[in-house]
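K.L.:
Compact mmCIF, C-alpha atoms, saved as entry.txt, coming up:
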# COMPACT_ATOMS: atom_id res chain seq x y z
CA MET A 15 115.28 186.91 55.83
CA LYS A 16 112.49 185.83 53.48
CA THR A 17 114.97 185.72 50.60
CA ALA A 18 117.34 183.52 52.61
CA PHE A 19 114.51 181.15 53.49
CA LEU A 20 113.33 181.03 49.88
CA ILE A 21 116.86 180.14 48.74
CA PHE A 22 117.07 177.48 51.44
CA ALA A 23 113.63 176.11 50.54
CA GLN A 24 114.58 175.95 46.86
CA TRP A 25 117.81 174.18 47.81
CA LEU A 26 115.79 171.61 49.78
CA VAL A 27 113.47 171.04 46.84
CA VAL A 28 116.44 170.51 44.50
CA THR A 29 118.13 168.25 47.05
CA ILE A 30 115.05 166.09 47.59
CA SER A 31 114.47 165.95 43.85
CA THR A 32 118.09 164.89 43.25
CA LEU A 33 118.28 162.33 46.05
CA GLY A 34 114.82 160.97 45.28
CA TYR A 35 113.04 158.48 47.52
CA PRO A 36 116.27 156.97 48.92
CA GLY A 37 117.16 160.50 50.05
CA ILE A 38 113.86 160.80 51.90
CA VAL A 39 114.52 157.46 53.59
CA LEU A 40 118.00 158.59 54.63
CA LEU A 41 116.98 162.04 55.87
CA MET A 42 113.96 160.71 57.79
CA ALA A 43 116.14 158.00 59.35
CA ILE A 44 118.45 160.77 60.58
CA GLU A 45 115.41 162.74 61.82
CA SER A 46 114.17 159.76 63.83
CA SER A 47 117.52 159.31 65.55
CA VAL A 48 118.88 161.77 68.12
CA ILE A 49 120.23 164.12 65.42
CA PRO A 50 118.08 167.30 65.31
CA LEU A 51 116.97 167.32 61.66
CA PRO A 52 113.27 168.31 61.68
CA SER A 53 110.92 166.36 59.43
CA GLU A 54 109.19 169.72 58.86
CA LEU A 55 112.15 170.60 56.63
CA ILE A 56 112.31 167.28 54.78
CA ILE A 57 108.80 166.28 53.76
CA PRO A 58 107.10 169.55 52.63
CA PRO A 59 109.55 169.92 49.71
CA ALA A 60 108.60 166.37 48.70
CA GLY A 61 104.95 167.43 48.86
CA TYR A 62 105.76 170.34 46.57
CA LEU A 63 107.38 167.88 44.14
CA ILE A 64 104.21 165.77 44.28
CA SER A 65 102.21 168.82 43.13
CA ASN A 66 104.62 169.17 40.19
CA GLY A 67 104.20 165.53 39.24
CA GLU A 68 107.83 164.69 40.03
CA MET A 69 107.01 162.38 42.94
CA SER A 70 104.09 160.20 43.97
CA TRP A 71 102.03 160.29 47.14
CA VAL A 72 102.44 156.59 47.84
CA MET A 73 106.21 156.55 47.48
CA VAL A 74 106.79 159.73 49.52
CA ILE A 75 104.69 158.42 52.39
CA PHE A 76 106.27 154.98 52.13
CA ALA A 77 109.83 156.38 52.02
CA GLY A 78 109.15 158.76 54.89
CA ALA A 79 107.58 156.07 57.09
CA ILE A 80 110.34 153.53 56.35
CA GLY A 81 113.03 156.12 57.04
CA SER A 82 111.38 156.98 60.36
CA LEU A 83 111.22 153.31 61.27
CA LEU A 84 114.88 152.72 60.44
CA GLY A 85 115.97 155.70 62.52
CA SER A 86 113.82 154.60 65.43
CA TYR A 87 115.39 151.12 65.24
CA LEU A 88 118.76 152.69 66.01
CA ASN A 89 117.47 154.39 69.16
CA TYR A 90 115.54 151.27 70.13
CA ALA A 91 118.55 148.95 69.69
CA VAL A 92 120.96 151.18 71.61
CA ALA A 93 118.47 151.66 74.45
CA ARG A 94 117.62 147.95 74.56
CA HIS A 95 121.20 146.73 74.75
CA LEU A 96 122.93 149.59 76.59
CA GLY A 97 120.25 151.72 78.22
CA ARG A 98 119.14 149.50 81.07
CA PRO A 99 122.62 148.47 82.29
CA PHE A 100 123.67 152.12 82.14
CA LEU A 101 120.65 153.32 84.13
CA LEU A 102 120.97 150.52 86.68
CA ARG A 103 124.53 151.61 87.29
CA TYR A 104 124.24 155.39 87.05
CA GLY A 105 120.49 155.99 87.40
CA LYS A 106 120.85 157.07 91.03
CA TYR A 107 122.61 160.21 89.81
CA PHE A 108 119.47 161.05 87.79
CA PHE A 109 117.09 160.06 90.62
CA LEU A 110 116.14 156.86 88.76
CA SER A 111 115.93 153.58 90.64
CA GLU A 112 115.39 150.00 89.51
CA GLU A 113 111.77 150.33 90.62
CA HIS A 114 111.33 153.25 88.23
CA LEU A 115 112.62 151.07 85.41
CA ASN A 116 110.25 148.29 86.45
CA GLN A 117 107.36 150.75 86.39
CA CYS A 118 108.41 151.79 82.88
CA ASP A 119 108.44 148.11 81.88
CA ARG A 120 104.93 147.60 83.21
CA PHE A 121 103.69 150.75 81.48
CA PHE A 122 105.03 149.72 78.06
CA GLU A 123 103.73 146.20 78.53
CA LYS A 124 100.20 147.54 79.03
CA HIS A 125 100.20 150.79 77.05
CA GLY A 126 103.17 150.59 74.68
CA GLU A 127 101.06 150.72 71.52
CA ILE A 128 99.26 153.98 72.33
CA ALA A 129 102.47 155.54 73.68
CA ILE A 130 104.43 154.80 70.50
CA PHE A 131 101.62 155.82 68.15
CA ILE A 132 100.93 159.16 69.84
CA GLY A 133 104.61 159.79 70.49
CA ARG A 134 105.29 159.66 66.74
CA LEU A 135 102.79 162.50 66.23
CA LEU A 136 104.17 164.90 68.84
CA PRO A 137 106.98 167.40 68.19
CA GLY A 138 110.02 166.87 70.40
CA ILE A 139 108.86 163.40 71.43
CA ARG A 140 108.69 161.49 68.16
CA HIS A 141 112.44 160.85 67.98
CA LEU A 142 112.78 160.08 71.71
CA ILE A 143 109.88 157.69 72.32
CA SER A 144 111.95 154.80 70.95
CA ILE A 145 114.37 155.05 73.88
CA PRO A 146 112.01 154.04 76.73
CA ALA A 147 110.51 151.42 74.42
CA GLY A 148 113.98 149.92 73.94
CA ILE A 149 114.84 150.08 77.64
CA SER A 150 111.59 148.24 78.42
CA LYS A 151 112.29 145.74 75.62
CA MET A 152 108.92 146.33 74.00
CA ASN A 153 107.94 143.65 71.50
CA LEU A 154 109.71 144.58 68.25
CA TYR A 155 106.77 143.73 65.98
CA ARG A 156 104.38 145.89 67.99
CA PHE A 157 106.97 148.66 68.13
CA SER A 158 107.50 148.50 64.37
CA PHE A 159 103.80 148.51 63.51
CA TYR A 160 102.81 151.49 65.66
CA THR A 161 105.95 153.43 64.79
CA THR A 162 105.24 153.01 61.07
CA LEU A 163 101.56 153.87 61.52
CA GLY A 164 102.23 157.07 63.46
CA ALA A 165 105.11 158.10 61.21
CA GLY A 166 103.03 157.45 58.09
CA ILE A 167 100.28 159.76 59.32
CA TRP A 168 102.74 162.53 60.21
CA VAL A 169 104.54 162.24 56.86
CA SER A 170 101.18 162.42 55.07
CA VAL A 171 100.29 165.63 56.93
CA LEU A 172 103.62 167.28 56.11
CA ALA A 173 103.47 166.18 52.48
CA TYR A 174 99.97 167.65 52.17
CA ILE A 175 101.20 170.99 53.55
CA GLY A 176 103.98 171.05 50.96
CA TYR A 177 101.52 170.03 48.25
CA ILE A 178 99.21 172.93 49.11
CA VAL A 179 101.58 175.80 49.88
CA GLY A 180 104.84 174.88 48.13
CA THR A 181 107.85 176.85 49.37
CA ASN A 182 106.01 179.89 50.80
CA ARG A 183 107.48 180.27 54.29
CA GLU A 184 104.60 182.21 55.81
CA LEU A 185 102.02 179.74 54.56
CA VAL A 186 104.15 176.77 55.65
CA ASP A 187 104.45 178.21 59.17
CA LYS A 188 100.72 179.01 59.26
CA TYR A 189 99.60 175.57 58.07
CA LEU A 190 102.15 173.84 60.29
CA SER A 191 101.00 175.71 63.40
CA THR A 192 97.35 174.94 62.66
CA THR A 193 98.12 171.32 61.86
CA THR A 194 100.19 170.87 65.04
CA ALA A 195 97.30 172.23 67.10
CA TRP A 196 94.91 169.76 65.46
CA VAL A 197 97.35 166.89 65.98
CA LEU A 198 97.70 167.78 69.67
CA ALA A 199 93.91 167.94 70.01
CA PHE A 200 93.55 164.59 68.22
CA SER A 201 96.21 163.04 70.45
CA GLY A 202 94.52 164.36 73.59
CA ALA A 203 91.15 163.00 72.47
CA LEU A 204 92.69 159.63 71.63
CA VAL A 205 94.35 159.42 75.05
CA ALA A 206 91.02 160.28 76.73
CA ILE A 207 89.18 157.60 74.74
CA TYR A 208 91.88 155.07 75.52
CA TRP A 209 91.77 155.93 79.25
CA ILE A 210 87.97 155.55 79.34
CA TYR A 211 88.25 152.22 77.52
CA GLN A 212 90.85 150.99 79.99
CA GLN A 213 88.71 152.06 82.96
CA ARG A 214 85.64 150.27 81.62
CA LYS A 215 87.73 147.23 80.84
CA LYS A 216 89.14 147.27 84.36
CA ASP A 217 85.83 147.74 86.21
CA PRO A 218 84.39 144.23 85.69
CA GLU A 219 87.72 142.75 86.78
CA SER A 220 87.80 144.96 89.87
CA LYS A 221 84.22 144.02 90.79
CA SER A 222 85.03 140.36 90.31
CA ASN A 223 88.09 140.68 92.57
CA ASP A 224 86.02 142.50 95.20
CA LYS A 225 83.47 139.68 95.23
CA LYS A 226 86.22 137.09 95.59
CA GLU A 227 87.72 139.02 98.50
CA LYS A 228 84.33 139.26 100.25
CA ARG A 229 83.81 135.49 99.85
CA CYS A 230 87.22 134.86 101.35
CA LEU A 231 86.44 137.14 104.30
CA ALA A 232 83.09 135.44 104.85
Re-express the file's structure as structure tokens.
P.N.:
Amino acid sequence: MKTAFLIFAQWLVVTISTLGYPGIVLLMAIESSVIPLPSELIIPPAGYLISNGEMSWVMVIFAGAIGSLLGSYLNYAVARHLGRPFLLRYGKYFFLSEEHLNQCDRFFEKHGEIAIFIGRLLPGIRHLISIPAGISKMNLYRFSFYTTLGAGIWVSVLAYIGYIVGTNRELVDKYLSTTTAWVLAFSGALVAIYWIYQQRKKDPESKSNDKKEKRCLA
């Protein structure tokens, strides 16, 4: 099993080396669409090539982030133009109503940035978060910025793992598990900070509204 993985890992390294940065863009674009091609298989070999001096940090991160953005554009565009009409027509079969879609719209209008940024860091969510953003017609510039930011951080993490451990499967799995745990903890902390910020931001407005209501009642 280890031999098979080593052969596969070496094949990935050769493939990434041969395809170069355009290959990273292409593979990460595929990863960010609905096709199950894990970024954990694409970027660590590029990190290994960085350690050998065959690739540069800046270009790997740039290519990975741009590829992720291009792939997410596909999901976003399909969801924006086809998703809502489809759900309005067939959503009842999935227990989704127009009000649910309106709630999704309101959520992305208020919290779209944090949702996209954190979504790009989470396994199993990063390639799907573009779909609700497209259905809600989230502002494309905001979507692009936070998608690129989150994707750039994740690519940097994976490239660093490849840079440190190379093609050693056990070490890759170990570092990836540890890193995923830290990313989840970071995401949870960020959500908590954001929630507290939103609550404090809302309180003065709520108090002001309460005073206005009391004046009206008086």
K.L.:
If you count only C-alpha atoms, which residues fall within 9 Å of stretch 39-54 of chain A, apart from same-chain ones fewer than 6 positions away, as a compact mmCIF listing (two decimals) with C-alpha atoms, in the coordinates of the input?
P.N.:
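Contents of the output file part-v9.txt:
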# COMPACT_ATOMS: atom_id res chain seq x y z
CA PHE A 76 106.27 154.98 52.13
CA ALA A 77 109.83 156.38 52.02
CA GLY A 78 109.15 158.76 54.89
CA ALA A 79 107.58 156.07 57.09
CA ILE A 80 110.34 153.53 56.35
CA GLY A 81 113.03 156.12 57.04
CA SER A 82 111.38 156.98 60.36
CA LEU A 83 111.22 153.31 61.27
CA LEU A 84 114.88 152.72 60.44
CA GLY A 85 115.97 155.70 62.52
CA SER A 86 113.82 154.60 65.43
CA TYR A 87 115.39 151.12 65.24
CA LEU A 88 118.76 152.69 66.01
CA ASN A 89 117.47 154.39 69.16
CA ARG A 140 108.69 161.49 68.16
CA HIS A 141 112.44 160.85 67.98
CA LEU A 142 112.78 160.08 71.71
CA SER A 144 111.95 154.80 70.95
CA VAL A 169 104.54 162.24 56.86
CA LEU A 172 103.62 167.28 56.11
CA LEU A 190 102.15 173.84 60.29
K.L.:
Please report the interatomic distance between atom CA of A:Ala199 and atom CA of A:Leu136 in Å with one decimal.
P.N.:
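Here the two named atoms are 10.8 Å from each other.
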K.L.:
If we count all atoms listed in the file, what is near A:Ser150 at a cut-off of 9 Å, once residues fewer than 3 positions away on the same chain are taken out, given as a compact mmCIF listing (two decimals) with C-alpha atoms, in the coordinates of the input?
P.N.:
# COMPACT_ATOMS: atom_id res chain seq x y z
CA ALA A 93 118.47 151.66 74.45
CA ARG A 94 117.62 147.95 74.56
CA ARG A 98 119.14 149.50 81.07
CA LEU A 115 112.62 151.07 85.41
CA ASN A 116 110.25 148.29 86.45
CA CYS A 118 108.41 151.79 82.88
CA ASP A 119 108.44 148.11 81.88
CA ARG A 120 104.93 147.60 83.21
CA PHE A 121 103.69 150.75 81.48
CA PHE A 122 105.03 149.72 78.06
CA GLU A 123 103.73 146.20 78.53
CA ILE A 145 114.37 155.05 73.88
CA PRO A 146 112.01 154.04 76.73
CA ALA A 147 110.51 151.42 74.42
K.L.:
Using atom CA of A:Tyr174 and atom CA of A:Gly126 as the two end points, give the distance in Å to one decimal.
P.N.:
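Atom CA of A:Gly126 lies at a distance of 28.4 Å from atom CA of A:Tyr174.
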K.L.:
In terms of the shortest atom-to-atom distance over all atoms listed in the file, which of A:Ser70, A:Ser201, A:Thr32, A:Ser158 is closest to A:Ser170?
P.N.:
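Of all the options, A:Ser70 lies closest to A:Ser170.
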